[in-house]
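Below is one structure; the comments refer to it alone.
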Amino acid sequence: MPWNGHREITLQVNKADGNFSSAFCVLFRLNALRKFTGKKEYRTGEVPGENMTDPITWIANWLETILEGIGLPVGIMVLILTVLGVLIVVIFVLAIDIFLVWMERKVVARFQDRLGPNRVGPYGLIQPIADVIKLIIKEDTTPKGADVLIYNIAPVIALASVLIIWAVIPFTPTLVGAEVNIGVLFIVAFGGIGTLAIIMAGWSSNNKYALLGAFRTVAQVISYEIPMVIALLIPVIFAGTMSIQGIVNSQELWNIVIAPVAAAILLVSSIAEIGRTPFDLLEAESEIVAGFHIEYSGMKFGLFYAGELLHALTIGALFSTLFLGGWRGPFVEQIPVLGIFYLFGKAFLVYFLIMWIRYSLPRIRIDHMLNFNWKFLTPLALIALMVTAILDKLLTDFSNITYAVIMLVVNLVLIWAVIMVLRIYASGERKKVGELKPTANADAVLSTFGKDVSSAQETSGAST
Amino acid sequence: MLDEHWLYIGVFLVLAPIFATVPIIIPRFIAPKKPNPIKLEAYECGIETVGDTWVQFRVQYYIFALVFLIFDVEIVFLYPWAVAFDLLPLFAIFEGILFILILLAGLIYLWKRGALEWT
Amino acid sequence: MSFEQVVFILVAAGTLGAALLVVTTRNLIHAALWLIAALFGVAILFVFLNAGFFGVVQIVIYIGAIAILMIFAIMLTRQISSEKSARFNKNWLWAFFISIIFFAGIAYILSLWPEFGTTKPILSAEIDPVKQLGVALVSPQAYLLAFELASVLLLAALIGAVIIAWEQR
């Protein structure tokens, strides 16, 4: 991309670099003290956390100096600060998860022209807490013949795999849990572990419907992972790094403007990944009785449900960081804390969009769903990838505006071409279905039986 | 682990399951425990189960998993290519596109041969 | 005994323990799940070797795809847990000795290699190792041919999927 800072032109494969790089690593390890919140040398040159515009980093520095003052060894100090950082993120995310239950019920109610919970607390805000209390005091049954250890671990893994994704999402320019250089693949990896939880749940329930639901769910989730991973590749191309903070840093122009097709593919395949309508055949109450979590009740079911809602919000946060600019917004360079509000605002916007789609569309059949994925989304994603790759390379020397406009135009052309192809396909399908079938004609039917039947009908007609 | 970012992920990997287990352990102390055989039976819309819990496992599931595996490996190959994108000359892009085209051809072959049908 | 060493020993012991349980447990699904634990341990070991990319790729491919494929294959068989068949062969003592001898022999041959026991220089940390890997994958003097041949190999596997589907018709 033209406005990307990384333009190292010469790259030599370093063979004899041992001394330099090991010295660098020692320096880096000593610097580990200052970096547990993942702050980097910020572009304006100031040291972050100096004043209260960045309160969390300021608190981190202050804690650091206190712990240094006590005289703990370096390793223990880093460990304590890391554990604190993890606890803050986990508790924050779980608290938002509770809030999501309320939001879901209110929004579905409004879509269905009713009020939703409004008795328990102001506007029904205490309702999720009432739900949690109800789930906790429910009896904890394990069905007969179930594999007890796997049965109990499956909901834990389902929730934990969604929680871990929050470790790599950047909240502000200076606050990210773990700025690893493989952030995007990390998210794909732990999304994949969620499918494992589904198989474990379905298998260990000792129930035919659970097993069937688990197979179908896994088939759906793994199928839709392919276009999702391909669509995740396109922001990586633009940014030149897989680290999510790096991708947000490179988005002076939001990625959705230069790659709307990829954004749409990511959104659709993510909705299918989390198992929401229109892709929620697997927990369709009327068909497979809630799919792989039939035998789960009480808090274990609560964990599955909370995990599903949290996964939807995580998809929202992921989409906003990769395509909508993450923590970017007005004044975020001067006051980094605003980044959290921008990020969650965008994430809730995408979450609302996902709910809107859920409450407006019917669900689709499983063979339609799989056809849609393998015959439409995957080739489309691959073609979009190829087109984006070629164009990005051809246009690197152009200016920013020209680049953005050309990419947008090419994406719109691609969308138009796809709509044309779909129209041709749809008219072909309509012709097949709408052929006039021969209507049942009494004479035609009776003539196949022979003349005596028609004479029998005359006599019976005469008698009535 | 030479990097405290990975330490953060390691601690997260240990703490997240612990946080997720707490809501399961709490009911063990608070909730009533009154098991009886009817409650513990497998749920099949009120009808009793007949036979083992075994579902006719169609080979379609296995084929979809296999196709997914192959495309997953392909995309994992493409990630370093994408990360190094701005350092690469144009013909390296075409090499990557050749890689994608070979597998797109494979997908079209599967499609035409009918391996992607559900029934 | 630094913190890294302690964690490494724990992870390695966990991986080996899980691998042992894979081959000794009676229930096939449990064996698959212990395999997943062992693969996770290997991924953590990759991260220890400063190859975060390969650690994550290990989880994506092995646990996210291959383990699921194996579980599906296990579910194609009916006899998931056999309580009656013997777990150990009567030749297990001989097998144990022969594997110890093989291991000692391979370790000895490896120790004759001049660079055994030295640590390799770390890739320069200024440029992202994944970027270097990407450049190496498509440069003609590095691994370009292997890269393209990998795609042909994957194509062969796709055609294999068609053959499996064809036989079921």
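In the structure tokens, chains take the letters A, B, ... in the order shown, each chain's residues start at 1, and ligands count up from 1 in the order shown.
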inquiry  = Can you work out which residues from chain C touch chain A at a cut-off of 9 Å (counting only C-alpha atoms) and hand them back as a ChimeraX atom specification?
reply    = /C:3,29-30,33,52-53,56-61,63-65,67-68,71-72,120-132,135-136
Restricting the output to N, CA and C atoms, write the selected residues as a JSON list (two decimals), in the first residue's frame.
[["chain", "number", "residue", "atom", "x", "y", "z"],
["C", 3, "PHE", "N", 12.63, -19.84, 34.86],
["C", 3, "PHE", "CA", 11.20, -20.02, 34.67],
["C", 3, "PHE", "C", 10.92, -20.75, 33.36],
["C", 29, "ILE", "N", -12.11, -42.68, 21.13],
["C", 29, "ILE", "CA", -12.32, -41.23, 21.14],
["C", 29, "ILE", "C", -11.41, -40.58, 22.18],
["C", 30, "HIS", "N", -11.24, -41.25, 23.31],
["C", 30, "HIS", "CA", -10.29, -40.72, 24.29],
["C", 30, "HIS", "C", -8.90, -40.65, 23.71],
["C", 33, "LEU", "N", -8.61, -37.60, 21.68],
["C", 33, "LEU", "CA", -8.51, -36.37, 22.48],
["C", 33, "LEU", "C", -7.15, -36.24, 23.14],
["C", 52, "GLY", "N", 6.76, -18.79, 16.50],
["C", 52, "GLY", "CA", 5.35, -18.64, 16.83],
["C", 52, "GLY", "C", 4.45, -19.01, 15.68],
["C", 53, "PHE", "N", 4.88, -18.67, 14.47],
["C", 53, "PHE", "CA", 4.08, -18.97, 13.28],
["C", 53, "PHE", "C", 3.80, -20.47, 13.20],
["C", 56, "VAL", "N", 1.26, -21.72, 15.82],
["C", 56, "VAL", "CA", -0.13, -21.45, 15.49],
["C", 56, "VAL", "C", -0.57, -22.31, 14.30],
["C", 57, "VAL", "N", 0.31, -22.50, 13.32],
["C", 57, "VAL", "CA", -0.05, -23.34, 12.18],
["C", 57, "VAL", "C", -0.31, -24.76, 12.64],
["C", 58, "GLN", "N", 0.47, -25.21, 13.62],
["C", 58, "GLN", "CA", 0.25, -26.55, 14.17],
["C", 58, "GLN", "C", -1.17, -26.66, 14.71],
["C", 59, "ILE", "N", -1.62, -25.64, 15.44],
["C", 59, "ILE", "CA", -2.97, -25.71, 15.99],
["C", 59, "ILE", "C", -4.00, -25.64, 14.87],
["C", 60, "VAL", "N", -3.78, -24.74, 13.91],
["C", 60, "VAL", "CA", -4.78, -24.59, 12.86],
["C", 60, "VAL", "C", -4.93, -25.88, 12.08],
["C", 61, "ILE", "N", -3.81, -26.47, 11.67],
["C", 61, "ILE", "CA", -3.90, -27.62, 10.76],
["C", 61, "ILE", "C", -4.07, -28.90, 11.53],
["C", 63, "ILE", "N", -4.78, -29.58, 14.89],
["C", 63, "ILE", "CA", -5.93, -29.72, 15.78],
["C", 63, "ILE", "C", -7.20, -29.30, 15.07],
["C", 64, "GLY", "N", -7.15, -28.27, 14.25],
["C", 64, "GLY", "CA", -8.37, -27.80, 13.65],
["C", 64, "GLY", "C", -8.84, -28.60, 12.47],
["C", 65, "ALA", "N", -7.96, -29.35, 11.82],
["C", 65, "ALA", "CA", -8.38, -30.08, 10.63],
["C", 65, "ALA", "C", -8.08, -31.57, 10.73],
["C", 67, "ALA", "N", -7.13, -33.49, 13.32],
["C", 67, "ALA", "CA", -7.73, -34.21, 14.44],
["C", 67, "ALA", "C", -9.22, -34.42, 14.20],
["C", 68, "ILE", "N", -9.87, -33.42, 13.60],
["C", 68, "ILE", "CA", -11.30, -33.57, 13.32],
["C", 68, "ILE", "C", -11.51, -34.64, 12.27],
["C", 71, "ILE", "N", -11.22, -37.88, 14.00],
["C", 71, "ILE", "CA", -12.40, -38.21, 14.81],
["C", 71, "ILE", "C", -13.53, -38.68, 13.90],
["C", 72, "PHE", "N", -13.68, -38.02, 12.75],
["C", 72, "PHE", "CA", -14.69, -38.49, 11.82],
["C", 72, "PHE", "C", -14.39, -39.91, 11.37],
["C", 120, "LYS", "N", 21.51, -22.32, 17.11],
["C", 120, "LYS", "CA", 21.57, -21.60, 15.86],
["C", 120, "LYS", "C", 21.39, -20.11, 16.09],
["C", 121, "PRO", "N", 22.00, -19.29, 15.24],
["C", 121, "PRO", "CA", 21.75, -17.85, 15.39],
["C", 121, "PRO", "C", 20.28, -17.54, 15.11],
["C", 122, "ILE", "N", 19.72, -16.68, 15.89],
["C", 122, "ILE", "CA", 18.31, -16.34, 15.75],
["C", 122, "ILE", "C", 18.16, -15.46, 14.52],
["C", 123, "LEU", "N", 17.07, -15.64, 13.82],
["C", 123, "LEU", "CA", 16.78, -14.75, 12.69],
["C", 123, "LEU", "C", 16.73, -13.32, 13.20],
["C", 124, "SER", "N", 17.18, -12.39, 12.39],
["C", 124, "SER", "CA", 17.28, -11.02, 12.87],
["C", 124, "SER", "C", 15.90, -10.52, 13.26],
["C", 125, "ALA", "N", 15.85, -9.87, 14.41],
["C", 125, "ALA", "CA", 14.55, -9.54, 14.97],
["C", 125, "ALA", "C", 13.98, -8.25, 14.42],
["C", 126, "GLU", "N", 14.75, -7.55, 13.55],
["C", 126, "GLU", "CA", 14.17, -6.29, 13.06],
["C", 126, "GLU", "C", 13.10, -6.59, 12.04],
["C", 127, "ILE", "N", 13.36, -7.60, 11.21],
["C", 127, "ILE", "CA", 12.38, -7.93, 10.18],
["C", 127, "ILE", "C", 11.63, -9.15, 10.68],
["C", 128, "ASP", "N", 10.32, -9.06, 10.60],
["C", 128, "ASP", "CA", 9.41, -10.10, 11.04],
["C", 128, "ASP", "C", 9.83, -11.45, 10.45],
["C", 129, "PRO", "N", 10.03, -12.49, 11.26],
["C", 129, "PRO", "CA", 10.43, -13.79, 10.70],
["C", 129, "PRO", "C", 9.44, -14.32, 9.68],
["C", 130, "VAL", "N", 8.15, -13.99, 9.84],
["C", 130, "VAL", "CA", 7.18, -14.50, 8.87],
["C", 130, "VAL", "C", 7.41, -13.82, 7.52],
["C", 131, "LYS", "N", 7.81, -12.55, 7.55],
["C", 131, "LYS", "CA", 8.12, -11.89, 6.29],
["C", 131, "LYS", "C", 9.28, -12.59, 5.60],
["C", 132, "GLN", "N", 10.32, -12.93, 6.41],
["C", 132, "GLN", "CA", 11.47, -13.60, 5.81],
["C", 132, "GLN", "C", 11.06, -14.95, 5.24],
["C", 135, "VAL", "N", 9.31, -14.31, 1.94],
["C", 135, "VAL", "CA", 10.22, -14.01, 0.85],
["C", 135, "VAL", "C", 10.94, -15.28, 0.41],
["C", 136, "ALA", "N", 11.31, -16.11, 1.39],
["C", 136, "ALA", "CA", 12.03, -17.33, 1.04],
["C", 136, "ALA", "C", 11.14, -18.29, 0.27]]
task = Check chain B with DSSP on the backbone and list each residue it calls alpha helix (DSSP H), as a PyMOL selection string.
result = chain B and resi 4-30+59-83+90-113
message = If I take CA of Glu333 in chain A and CA of Leu94 in chain A, how far is one from the other in Å, to one decimal?
response = 27.9 Å
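With only C-alpha atoms taken into account, chain B has Met1, Ala65, Leu69, Pro80, Trp81, Val83, Ala84, Ala92, Phe99, Gly106 and Ala115 of chain B at most 6 Å from chain C.
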ask   = By how many Å are CA of Pro23 in chain B and CA of Leu84 in chain A apart?
value = 20.8 Å
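Interatomic distance, CA of Val421 in chain A to CA of Trp111 in chain B: 16.9 Å.
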query = range 387-395 of chain A: which residues within 8 Å, counting only C-alpha atoms, same-chain residues fewer than 6 positions away excluded, as a PyMOL selection string?
reply = (chain A and resi 1+234+237-238+259+403+407) or (chain B and resi 86+90+93-94)
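Minimum distance to chain B across A:Trp374, A:Trp102, A:Phe344, A:Trp254 (counting only C-alpha atoms) occurs at A:Trp374.
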inquiry  = as a VMD selection string, please: the residues near Gln60 in chain B (cut-off 8 Å, only C-alpha atoms, same-chain neighbours under 4 positions excluded).
reply    = (chain B and resid 64 117 to 118) or (chain C and resid 165)
inquiry  = Run DSSP on the backbone and tell me which residues of range 159-220 of chain A come out as strand (DSSP E or B); list them as a list of chain:residue names.
reply    = A:Pro170, A:Phe171, A:Thr172, A:Leu175, A:Val176
